[in-house]
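Source file: input05.cif (mmCIF, C-alpha atoms)
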```
data_input
loop_
_atom_site.label_atom_id
_atom_site.label_comp_id
_atom_site.auth_asym_id
_atom_site.auth_seq_id
_atom_site.Cartn_x
_atom_site.Cartn_y
_atom_site.Cartn_z
CA MET A 30 0.00 0.00 0.00
CA THR A 31 1.19 3.52 -0.80
CA VAL A 32 -0.55 6.51 0.76
CA VAL A 33 0.80 9.81 -0.52
CA GLY A 34 0.32 13.23 1.08
CA ASN A 35 2.10 16.57 1.03
CA PHE A 36 3.65 15.86 4.44
CA PHE A 37 3.77 12.08 4.81
CA THR A 38 4.10 9.21 2.39
CA VAL A 39 3.40 5.62 3.49
CA ARG A 40 5.35 3.00 1.55
CA ASP A 41 5.52 -0.59 2.87
CA ASP A 42 3.08 -2.28 5.25
CA LEU A 43 3.99 -4.88 7.86
CA PRO A 44 1.62 -7.76 6.95
CA GLY A 45 -1.07 -8.45 9.54
CA ARG A 46 -0.02 -5.56 11.78
CA ARG A 47 -0.18 -1.78 11.85
CA GLY A 48 3.53 -1.24 11.20
CA ARG A 49 4.70 0.50 8.06
CA THR A 50 7.56 2.39 6.45
CA GLY A 51 7.21 5.89 5.11
CA VAL A 52 8.71 9.31 4.59
CA ILE A 53 7.96 12.52 6.48
CA HIS A 54 8.69 15.54 4.27
CA THR A 55 9.93 18.64 6.12
CA PRO A 56 11.42 21.97 4.99
CA HIS A 57 14.83 20.72 6.15
CA GLY A 58 14.77 17.28 4.57
CA ASP A 59 13.00 13.93 4.63
CA ILE A 60 12.73 11.53 7.57
CA HIS A 61 12.54 7.89 6.52
CA THR A 62 10.36 6.00 8.99
CA PRO A 63 10.43 4.16 11.30
CA ALA A 64 13.02 6.55 12.69
CA PHE A 65 14.66 7.21 16.04
CA VAL A 66 14.79 10.93 16.80
CA ALA A 67 17.80 11.81 18.94
CA VAL A 68 17.06 14.07 21.90
CA GLY A 69 19.04 17.30 22.09
CA THR A 70 17.27 18.73 25.12
CA LYS A 71 18.96 22.15 25.27
CA ALA A 72 19.74 22.36 21.54
CA THR A 73 22.52 19.81 21.91
CA VAL A 74 22.82 16.06 22.25
CA LYS A 75 24.94 16.13 25.37
CA ALA A 76 28.68 15.58 24.82
CA VAL A 77 28.37 15.11 21.04
CA LEU A 78 28.78 17.56 18.14
CA PRO A 79 25.78 18.03 15.80
CA GLU A 80 28.12 17.10 12.93
CA THR A 81 28.86 13.83 14.71
CA MET A 82 25.15 13.08 15.08
CA LYS A 83 24.79 13.45 11.32
CA GLU A 84 27.68 11.02 10.82
CA LEU A 85 25.97 8.57 13.17
CA GLY A 86 22.95 8.52 10.86
CA ALA A 87 20.56 10.64 12.92
CA GLN A 88 17.83 11.94 10.65
CA ALA A 89 16.31 14.44 13.09
CA VAL A 90 16.79 15.83 16.57
CA LEU A 91 14.28 16.87 19.21
CA ALA A 92 14.81 19.82 21.55
CA ASN A 93 12.91 20.80 24.66
CA ALA A 94 10.61 23.83 24.70
CA TYR A 95 10.65 24.09 28.50
CA HIS A 96 14.43 24.20 28.81
CA LEU A 97 14.97 26.53 25.84
CA TYR A 98 12.24 28.84 27.16
CA LEU A 99 14.12 29.19 30.45
CA GLN A 100 17.54 29.41 28.82
CA PRO A 101 18.50 31.14 26.53
CA GLY A 102 14.92 32.17 25.71
CA PRO A 103 12.94 31.48 22.52
CA ASP A 104 13.51 35.04 21.30
CA VAL A 105 17.25 34.38 21.18
CA VAL A 106 16.75 31.18 19.16
CA ASP A 107 14.34 33.01 16.84
CA GLU A 108 16.83 35.83 16.28
CA ALA A 109 19.53 33.25 15.51
CA GLY A 110 17.42 31.90 12.66
CA GLY A 111 15.62 29.08 14.42
CA LEU A 112 16.64 25.93 16.25
CA GLY A 113 18.53 24.26 13.41
CA THR A 114 20.63 27.30 12.60
CA PHE A 115 21.22 28.06 16.28
CA MET A 116 22.68 24.59 16.95
CA ASN A 117 24.28 24.10 13.52
CA TRP A 118 21.99 21.22 12.58
CA SER A 119 20.84 21.29 8.96
CA GLY A 120 18.33 18.45 9.18
CA PRO A 121 14.74 18.19 10.43
CA THR A 122 13.96 19.29 13.99
CA PHE A 123 11.23 18.59 16.55
CA THR A 124 10.32 20.44 19.74
CA ASP A 125 8.04 19.08 22.44
CA SER A 126 5.42 21.33 24.00
CA GLY A 127 7.05 21.69 27.41
CA GLY A 128 4.15 19.88 29.05
CA PHE A 129 6.18 16.84 30.09
CA GLN A 130 8.84 18.92 31.81
CA VAL A 131 6.46 21.36 33.44
CA LEU A 132 4.45 18.52 34.92
CA SER A 133 7.23 16.00 35.63
CA LEU A 134 10.12 18.14 36.79
CA GLY A 135 7.67 20.31 38.64
CA SER A 136 5.73 17.56 40.37
CA GLY A 137 8.63 16.16 42.32
CA PHE A 138 8.89 12.59 41.02
CA ARG A 139 10.19 10.75 38.00
CA LYS A 140 7.95 10.06 35.03
CA VAL A 141 8.78 8.07 31.93
CA LEU A 142 6.59 6.77 29.13
CA ALA A 143 7.00 3.02 29.57
CA MET A 144 6.48 2.89 33.31
CA ASP A 145 7.07 0.23 35.90
CA THR A 146 4.05 0.46 38.19
CA GLU A 147 5.89 -0.42 41.40
CA ARG A 148 8.61 2.14 40.68
CA VAL A 149 6.05 4.87 40.01
CA GLN A 150 4.21 4.08 43.24
CA ALA A 151 7.47 4.23 45.21
CA ASP A 152 8.38 7.56 43.61
CA ASP A 153 4.93 8.90 44.46
CA ILE A 154 5.32 7.96 48.12
CA ILE A 155 8.64 9.82 48.23
CA ALA A 156 7.14 12.81 46.43
CA LYS A 157 4.29 13.23 48.91
CA GLY A 158 6.74 14.78 51.34
CA LYS A 159 7.89 17.37 48.80
CA ASP A 160 6.40 20.68 47.76
CA ARG A 161 4.74 20.48 44.37
CA LEU A 162 6.38 22.89 41.95
CA ALA A 163 3.61 22.85 39.34
CA ARG A 164 -0.12 23.59 39.63
CA VAL A 165 -2.56 22.63 36.90
CA ASP A 166 -5.87 24.34 36.16
CA ASP A 167 -8.16 24.32 33.15
CA ASP A 168 -6.39 27.28 31.57
CA GLY A 169 -2.78 26.08 31.93
CA VAL A 170 0.03 25.33 34.37
CA THR A 171 1.86 27.58 36.81
CA PHE A 172 5.30 26.28 37.70
CA THR A 173 8.54 27.11 39.44
CA SER A 174 11.76 27.20 37.43
CA HIS A 175 14.24 24.50 38.43
CA LEU A 176 17.02 27.00 37.58
CA ASP A 177 16.29 29.94 39.86
CA GLY A 178 12.95 29.37 41.60
CA SER A 179 11.13 32.02 39.55
CA THR A 180 7.44 31.55 38.73
CA HIS A 181 6.21 30.98 35.17
CA ARG A 182 3.00 30.00 33.43
CA PHE A 183 2.41 27.86 30.36
CA THR A 184 -0.89 27.83 28.51
CA PRO A 185 -1.61 26.32 25.09
CA GLU A 186 -1.10 29.74 23.55
CA VAL A 187 2.20 30.30 25.38
CA SER A 188 3.50 26.88 24.30
CA MET A 189 2.57 27.55 20.67
CA GLY A 190 4.26 30.95 20.83
CA ILE A 191 7.48 29.47 22.23
CA GLN A 192 7.58 26.68 19.65
CA HIS A 193 6.94 29.04 16.76
CA GLN A 194 9.88 31.14 17.90
CA LEU A 195 12.06 28.04 18.24
CA GLY A 196 11.15 27.25 14.65
CA ALA A 197 11.26 23.45 14.62
CA ASP A 198 9.81 21.58 11.64
CA ILE A 199 7.51 19.51 13.87
CA ILE A 200 5.95 20.83 17.07
CA PHE A 201 3.52 19.37 19.62
CA ALA A 202 0.28 20.58 21.16
CA PHE A 203 0.38 21.39 24.87
CA ASP A 204 -0.97 18.46 26.88
CA GLU A 205 -1.29 17.34 30.48
CA LEU A 206 0.94 14.47 31.52
CA THR A 207 -0.52 11.98 33.98
CA THR A 208 0.98 8.91 35.66
CA LEU A 209 -0.22 5.43 36.52
CA VAL A 210 -0.91 6.51 40.10
CA ASN A 211 -3.52 9.08 39.06
CA THR A 212 -7.09 7.91 39.66
CA ARG A 213 -9.45 6.91 36.87
CA SER A 214 -11.58 10.01 37.52
CA TYR A 215 -8.54 12.25 37.22
CA GLN A 216 -7.49 10.56 33.98
CA GLU A 217 -10.96 11.31 32.58
CA GLN A 218 -10.66 14.94 33.63
CA SER A 219 -7.17 15.16 32.15
CA VAL A 220 -8.26 13.75 28.76
CA ARG A 221 -10.98 16.40 28.55
CA ARG A 222 -8.52 19.12 29.55
CA THR A 223 -5.92 17.97 27.02
CA HIS A 224 -8.61 17.99 24.31
CA ASP A 225 -9.63 21.54 25.17
CA TRP A 226 -5.99 22.62 25.13
CA ALA A 227 -5.54 20.92 21.74
CA VAL A 228 -8.39 22.97 20.29
CA ARG A 229 -6.71 26.13 21.54
CA CYS A 230 -3.36 25.01 20.14
CA VAL A 231 -4.83 24.49 16.66
CA THR A 232 -6.40 27.94 16.75
CA GLU A 233 -3.21 29.64 17.96
CA HIS A 234 -1.07 27.66 15.54
CA ARG A 235 -3.13 29.00 12.62
CA ARG A 236 -2.88 32.57 13.93
CA LEU A 237 0.88 32.39 14.40
CA THR A 238 1.41 30.68 11.03
CA LEU A 239 -0.37 33.55 9.30
CA ALA A 240 1.47 36.16 11.40
CA ARG A 241 4.85 34.60 10.52
CA ALA A 242 4.06 34.02 6.86
CA GLY A 243 7.69 34.34 5.81
CA LYS A 244 8.75 31.33 7.91
CA PRO A 245 8.61 27.68 6.78
CA TYR A 246 5.40 25.91 7.81
CA GLN A 247 5.69 23.98 11.08
CA ALA A 248 3.74 20.72 11.30
CA LEU A 249 1.62 20.46 14.45
CA PHE A 250 1.08 17.12 16.20
CA GLY A 251 -1.71 16.48 18.71
CA VAL A 252 -0.85 14.34 21.74
CA VAL A 253 -3.01 11.39 22.82
CA GLN A 254 -3.37 10.78 26.55
CA GLY A 255 -5.55 8.30 28.48
CA ALA A 256 -3.01 6.22 30.42
CA GLN A 257 -3.77 2.47 30.48
CA TYR A 258 -7.51 2.77 29.77
CA GLU A 259 -8.67 1.60 26.34
CA ASP A 260 -11.84 3.67 26.28
CA LEU A 261 -10.00 6.85 27.26
CA ARG A 262 -7.21 6.29 24.73
CA ARG A 263 -9.70 5.71 21.93
CA GLU A 264 -11.89 8.61 23.03
CA ALA A 265 -8.89 10.94 23.21
CA THR A 266 -7.69 9.85 19.76
CA ARG A 267 -11.05 10.30 18.08
CA GLY A 268 -11.39 13.70 19.71
CA LEU A 269 -8.04 14.91 18.39
CA VAL A 270 -8.74 13.59 14.87
CA GLY A 271 -11.96 15.62 14.82
CA ILE A 272 -10.36 18.97 15.67
CA ARG A 273 -10.22 21.48 12.80
CA ASP A 274 -9.35 25.17 12.51
CA GLU A 275 -11.55 27.62 10.64
CA ASP A 276 -9.86 26.66 7.37
CA GLY A 277 -10.70 23.00 7.96
CA ARG A 278 -7.11 21.98 8.73
CA GLY A 279 -6.52 19.47 11.52
CA PHE A 280 -3.37 18.10 13.09
CA ASP A 281 -0.54 17.16 10.74
CA GLY A 282 0.37 14.14 12.85
CA TYR A 283 -0.12 12.67 16.30
CA GLY A 284 1.99 11.94 19.36
CA ILE A 285 1.26 9.12 21.77
CA GLY A 286 2.22 10.22 25.26
CA GLY A 287 1.50 9.89 28.94
CA ALA A 288 1.61 6.93 31.24
CA LEU A 289 1.50 3.36 30.00
CA GLU A 290 2.73 0.11 31.45
CA LYS A 291 5.75 -1.26 29.62
CA GLN A 292 4.25 -4.73 29.31
CA ASN A 293 1.16 -3.24 27.63
CA LEU A 294 2.98 -0.78 25.35
CA ALA A 295 2.09 -2.52 22.08
CA THR A 296 -1.54 -2.96 23.10
CA ILE A 297 -1.97 0.69 24.07
CA VAL A 298 -0.23 1.98 20.96
CA GLY A 299 -2.47 -0.32 18.94
CA TRP A 300 -5.64 1.18 20.46
CA VAL A 301 -4.47 4.60 19.37
CA THR A 302 -3.28 3.70 15.87
CA ASP A 303 -6.58 1.88 15.31
CA GLU A 304 -8.31 5.26 15.53
CA LEU A 305 -5.76 7.33 13.59
CA PRO A 306 -5.84 8.07 9.85
CA ASP A 307 -3.30 6.17 7.76
CA ASP A 308 -1.98 9.29 6.05
CA LYS A 309 -0.69 11.01 9.21
CA PRO A 310 2.58 10.13 11.02
CA ARG A 311 2.56 8.84 14.62
CA HIS A 312 5.24 9.72 17.14
CA LEU A 313 5.69 7.72 20.35
CA LEU A 314 7.24 9.88 23.04
CA GLY A 315 10.02 8.50 25.22
CA ILE A 316 11.15 4.96 24.22
CA SER A 317 14.47 3.46 23.11
CA GLU A 318 14.87 -0.07 24.56
CA PRO A 319 15.13 -2.73 21.83
CA ASP A 320 11.98 -4.64 22.83
CA ASP A 321 9.98 -1.41 23.04
CA LEU A 322 11.19 -0.37 19.58
CA PHE A 323 10.06 -3.60 17.91
CA ASN A 324 6.74 -3.56 19.76
CA ALA A 325 6.09 0.09 18.95
CA VAL A 326 6.88 -0.31 15.26
CA ALA A 327 4.67 -3.38 14.93
CA ALA A 328 1.84 -1.47 16.61
CA GLY A 329 2.11 1.38 14.12
CA ALA A 330 4.48 4.01 15.55
CA ASP A 331 6.51 5.83 12.89
CA THR A 332 8.96 7.85 14.99
CA PHE A 333 10.06 7.88 18.63
CA ASP A 334 12.49 9.78 20.81
CA CYS A 335 14.26 9.13 24.09
CA VAL A 336 17.04 10.64 26.20
CA SER A 337 18.09 7.20 27.45
CA PRO A 338 20.90 6.36 25.00
CA SER A 339 22.84 9.52 25.89
CA ARG A 340 21.81 9.61 29.54
CA VAL A 341 22.91 6.07 30.36
CA ALA A 342 26.12 6.58 28.35
CA ARG A 343 27.13 9.38 30.72
CA ASN A 344 26.69 6.89 33.54
CA ALA A 345 28.91 4.24 31.91
CA ALA A 346 26.11 2.01 30.58
CA VAL A 347 26.65 0.88 26.99
CA TYR A 348 24.61 -1.19 24.55
CA SER A 349 25.88 -4.26 22.78
CA ASN A 350 24.27 -6.94 20.64
CA ASP A 351 24.53 -9.20 23.68
CA GLY A 352 22.87 -6.78 26.10
CA ARG A 353 23.58 -3.59 28.00
CA PHE A 354 26.42 -3.50 30.52
CA ASN A 355 28.36 -1.07 32.70
CA ILE A 356 31.85 -0.38 31.37
CA THR A 357 33.19 0.45 34.85
CA GLY A 358 32.95 -3.20 35.89
CA ALA A 359 36.26 -4.63 37.11
CA ARG A 360 36.27 -7.27 34.38
CA TYR A 361 36.78 -4.55 31.72
CA LYS A 362 39.96 -3.04 33.19
CA ARG A 363 42.15 -5.17 30.93
CA ASP A 364 39.65 -5.86 28.17
CA PHE A 365 41.24 -4.55 24.98
CA THR A 366 38.29 -5.29 22.70
CA PRO A 367 35.70 -2.74 21.47
CA ILE A 368 32.36 -2.28 23.21
CA ASP A 369 30.79 -4.34 20.43
CA ALA A 370 32.90 -5.96 17.72
CA GLU A 371 29.92 -5.82 15.32
CA CYS A 372 29.32 -2.08 15.78
CA ASP A 373 30.44 0.31 13.03
CA CYS A 374 30.67 3.46 15.19
CA TYR A 375 33.76 5.64 15.62
CA THR A 376 34.21 4.56 19.24
CA CYS A 377 34.22 0.85 18.48
CA ALA A 378 36.61 1.38 15.57
CA HIS A 379 39.22 3.23 17.65
CA TYR A 380 38.83 2.54 21.39
CA THR A 381 38.75 -0.41 23.77
CA ARG A 382 36.65 -1.30 26.77
CA ALA A 383 39.79 -0.94 28.89
CA TYR A 384 40.33 2.64 27.75
CA LEU A 385 36.69 3.58 28.36
CA HIS A 386 36.86 1.92 31.77
CA HIS A 387 39.91 4.08 32.53
CA LEU A 388 38.20 7.29 31.36
CA PHE A 389 35.27 6.77 33.70
CA LYS A 390 37.47 5.84 36.64
CA ALA A 391 39.59 8.94 35.96
CA LYS A 392 36.43 11.07 35.61
CA GLU A 393 37.49 12.27 32.18
CA ILE A 394 34.85 14.10 30.10
CA LEU A 395 35.83 12.13 26.99
CA SER A 396 34.14 9.10 28.53
CA ALA A 397 30.71 10.66 27.96
CA THR A 398 31.49 11.62 24.38
CA LEU A 399 32.76 8.22 23.28
CA CYS A 400 30.02 6.21 24.97
CA THR A 401 27.27 8.55 23.72
CA ILE A 402 28.57 8.17 20.18
CA HIS A 403 28.32 4.39 20.55
CA ASN A 404 24.88 4.29 22.20
CA GLU A 405 23.26 6.71 19.75
CA ARG A 406 24.68 4.81 16.80
CA PHE A 407 23.55 1.49 18.27
CA ILE A 408 19.91 2.61 18.52
CA ILE A 409 19.87 4.53 15.23
CA ARG A 410 21.34 1.55 13.42
CA LEU A 411 18.87 -0.85 15.05
CA VAL A 412 15.90 1.25 13.90
CA ASP A 413 17.42 1.48 10.42
CA ARG A 414 17.58 -2.33 10.37
CA ILE A 415 13.97 -2.54 11.54
CA ARG A 416 12.89 -0.20 8.74
CA ALA A 417 14.79 -2.23 6.14
CA SER A 418 13.31 -5.48 7.46
CA ILE A 419 9.76 -4.27 6.84
CA GLY A 420 10.63 -3.55 3.23
CA SER A 421 12.35 -6.91 2.77
CA GLY A 422 9.75 -8.94 4.67
CA ASP A 423 12.19 -10.05 7.38
CA PHE A 424 10.78 -8.16 10.37
CA ASP A 425 9.89 -11.19 12.48
CA GLU A 426 13.20 -12.89 11.84
CA LEU A 427 15.12 -9.75 12.78
CA ARG A 428 13.06 -9.24 15.93
CA ASP A 429 13.55 -12.80 17.12
CA HIS A 430 17.28 -12.70 16.42
CA VAL A 431 17.94 -9.29 18.00
CA LEU A 432 15.79 -9.71 21.09
CA GLY A 433 16.77 -13.34 21.64
CA ARG A 434 20.40 -12.34 21.70
CA TYR A 435 20.08 -9.01 23.52
CA TYR A 436 18.03 -10.31 26.46
CA SER A 437 19.36 -13.85 26.88
CA GLN A 438 23.13 -13.40 27.07
CA ARG A 439 25.54 -11.64 29.32
CA PRO A 440 28.06 -9.44 27.46
CA ALA A 441 31.53 -10.97 27.15
#
```
Translate this file's structure into C-alpha cells.
Amino acid sequence: MTVVGNFFTVRDDLPGRRGRTGVIHTPHGDIHTPAFVAVGTKATVKAVLPETMKELGAQAVLANAYHLYLQPGPDVVDEAGGLGTFMNWSGPTFTDSGGFQVLSLGSGFRKVLAMDTERVQADDIIAKGKDRLARVDDDGVTFTSHLDGSTHRFTPEVSMGIQHQLGADIIFAFDELTTLVNTRSYQEQSVRRTHDWAVRCVTEHRRLTLARAGKPYQALFGVVQGAQYEDLRREATRGLVGIRDEDGRGFDGYGIGGALEKQNLATIVGWVTDELPDDKPRHLLGISEPDDLFNAVAAGADTFDCVSPSRVARNAAVYSNDGRFNITGARYKRDFTPIDAECDCYTCAHYTRAYLHHLFKAKEILSATLCTIHNERFIIRLVDRIRASIGSGDFDELRDHVLGRYYSQRPA
C-alpha cells in the first residue's frame, strides 16, 4: 500500500499488523520511517557535536521547549534563525510542547513513558513529602523554574508561541501528563482538559502561522493521553482527529504520550493507531529499549524519541548486541576489545573497553562523548535495520534474532 500526502508518504506495510515504512517531508529534509529521533534537550545532544550526530545517521533531533524557554529564551533562538541554525543542525527538527517537563520536573517525582508500576508508586510515596512545583488548572500550568525558583505560566497559547519562535519543523500541542498513580476520575478529567488545550493550540497555531508568513510551515502534532484505559485512549484519539481550525485543517500528525505500562505498550499503541488516519505520522514519546522499539513499530508508531541512549552513556552504561552493561565493571579493566565488535561506530573502531573503563574511573569528560557516540549509533542503526526489514519482509526474523540475543546473554 502507498498513501501519498504533502507531508507524509506511506510506503511498505507490515503484513497483519499496523507497522509501516514511510517518509515525512519537512522543509529541512526527509525523515525515513520508522526513525529514532535523537534528543538534544537544550539544543545539543549532550557531549556530542551536531556534525557527529549526522555522521551517526541521525535523521532528526528533538529539543525541549521548557528548557529553551528558560535558557536562553525562545527570542534568542528566533533571532539566531531558528533551532537548526542556532545549533548548527541542517536536518529536520522537533520540539516538544514543554508539558512533560512542566508537569514531571515540577511535580517532584520521575515520570517516563513506559512505566514500571511499582517504581512509580514508590516515587509517588517519596514525592508526597515534597512541595509540588507545578499547579494545573483548566487554563494552563503555573510552575517554578528549576534554575532559579522564579514563577512561570504555560498555557496552550504560550507553548505555541514558544515553539513558533524556536522554529522546529515539527511541534507538539500542549498536553497534560498523567501517571499510573492518578485515579481513573482524574485521567478522565485530564483527557478532557488535554482535548480543550488541543483545540486552543490548533487555533493559535493557525494565527501564528499567518502572522509569521515568511517562515517555513511547522507541522503540528496532537498528543493522545488516556493512560492504560482503552476507552480513554480511543476517546482521546477520536477527539483529536476531529479537531479542525476555521480553514478545515486538523493536526498534521499525532503523538502518543503519557503513562502506560511497559508490558502493555504494544496494546496501548495499537488502540491509538486503530483510531488514527493512515496518512498522518505517529510519534511515540520516550522509548528506546530494543523490545519497546520492535513492539512500537509493529503497533504502528513511525517515529520515537528518548534521552536514554545519551543519559545512560554518561553513567557508563553501553549497549551491545549481547545486552547492555556497565563499562566500569572490574572485568573490563584489561579488556582490549571494542564495546561491540559488530558495531560500526567511531568509538568501536578506535577505542577499547579498557580505555573507556579508565576514562570513567579517571572522571574524564571524553568518557561521555565516546560512549554517547556508541549508544546513539547502536539505537539509530537498530531502527534502520527494523525499517529495512519491513521492506524486505524479514521483520519477524530480525526481531527474534535481536531480542533473543540481547536479552538472553551476558556481554563478554
Translate the PyMOL selection byres ((chain A and resi 367) around 12), as applied to the file shown, into an explicit residue set as a PDB file with C-alpha atoms, keeping the file's coordinate frame.
```pdb
ATOM      1  CA  VAL A 347      26.650   0.880  26.990  1.00  0.00           C
ATOM      2  CA  TYR A 348      24.610  -1.190  24.550  1.00  0.00           C
ATOM      3  CA  SER A 349      25.880  -4.260  22.780  1.00  0.00           C
ATOM      4  CA  ILE A 356      31.850  -0.380  31.370  1.00  0.00           C
ATOM      5  CA  TYR A 361      36.780  -4.550  31.720  1.00  0.00           C
ATOM      6  CA  ARG A 363      42.150  -5.170  30.930  1.00  0.00           C
ATOM      7  CA  ASP A 364      39.650  -5.860  28.170  1.00  0.00           C
ATOM      8  CA  PHE A 365      41.240  -4.550  24.980  1.00  0.00           C
ATOM      9  CA  THR A 366      38.290  -5.290  22.700  1.00  0.00           C
ATOM     10  CA  ILE A 368      32.360  -2.280  23.210  1.00  0.00           C
ATOM     11  CA  ASP A 369      30.790  -4.340  20.430  1.00  0.00           C
ATOM     12  CA  ALA A 370      32.900  -5.960  17.720  1.00  0.00           C
ATOM     13  CA  GLU A 371      29.920  -5.820  15.320  1.00  0.00           C
ATOM     14  CA  CYS A 372      29.320  -2.080  15.780  1.00  0.00           C
ATOM     15  CA  ASP A 373      30.440   0.310  13.030  1.00  0.00           C
ATOM     16  CA  CYS A 374      30.670   3.460  15.190  1.00  0.00           C
ATOM     17  CA  TYR A 375      33.760   5.640  15.620  1.00  0.00           C
ATOM     18  CA  THR A 376      34.210   4.560  19.240  1.00  0.00           C
ATOM     19  CA  CYS A 377      34.220   0.850  18.480  1.00  0.00           C
ATOM     20  CA  ALA A 378      36.610   1.380  15.570  1.00  0.00           C
ATOM     21  CA  HIS A 379      39.220   3.230  17.650  1.00  0.00           C
ATOM     22  CA  TYR A 380      38.830   2.540  21.390  1.00  0.00           C
ATOM     23  CA  THR A 381      38.750  -0.410  23.770  1.00  0.00           C
ATOM     24  CA  ARG A 382      36.650  -1.300  26.770  1.00  0.00           C
ATOM     25  CA  ALA A 383      39.790  -0.940  28.890  1.00  0.00           C
ATOM     26  CA  TYR A 384      40.330   2.640  27.750  1.00  0.00           C
ATOM     27  CA  LEU A 385      36.690   3.580  28.360  1.00  0.00           C
ATOM     28  CA  HIS A 386      36.860   1.920  31.770  1.00  0.00           C
ATOM     29  CA  LEU A 399      32.760   8.220  23.280  1.00  0.00           C
ATOM     30  CA  CYS A 400      30.020   6.210  24.970  1.00  0.00           C
ATOM     31  CA  HIS A 403      28.320   4.390  20.550  1.00  0.00           C
ATOM     32  CA  PRO A 440      28.060  -9.440  27.460  1.00  0.00           C
ATOM     33  CA  ALA A 441      31.530 -10.970  27.150  1.00  0.00           C
TER      34      ALA A 441
END
```
Practice task
Run the PyMOL selection byres ((chain A and resi 419) around 12) mentally over the shown coordinates, then write out the matched residues as a PyMOL selection string, using the chain letters and numbers from the document.
Solution key: chain A and resi 40-51+62-63+323+326-327+329+412-418+420-428
Exercise for the section: Point out the residue among A:Ile200, A:Leu395, A:Ala163, A:Val298 with the least atom-to-atom distance to Ala342 in chain A, counting only C-alpha atoms. Expected result: A:Leu395
Practice task
Please identify all polymer residues within 10 Å of range 280-282 of chain A, counting only C-alpha atoms, omitting same-chain residues fewer than 5 positions from it, and present them as a ChimeraX atom specification.
Solution key: /A:36-37,199-202,227,230-231,247-252,269-274,305-306,308-312
Problem - Atom-to-atom span, CA of Asn293 in chain A and CA of Gln88 in chain A, Å - result: 28.2 Å
Problem - Nearest candidate to Thr401 in chain A (options A:Leu289, A:Val105, A:Val431, A:Ala346; using all atoms listed in the file) - result: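 Using all atoms listed in the file, Thr401 in chain A sits closest to A:Ala346.
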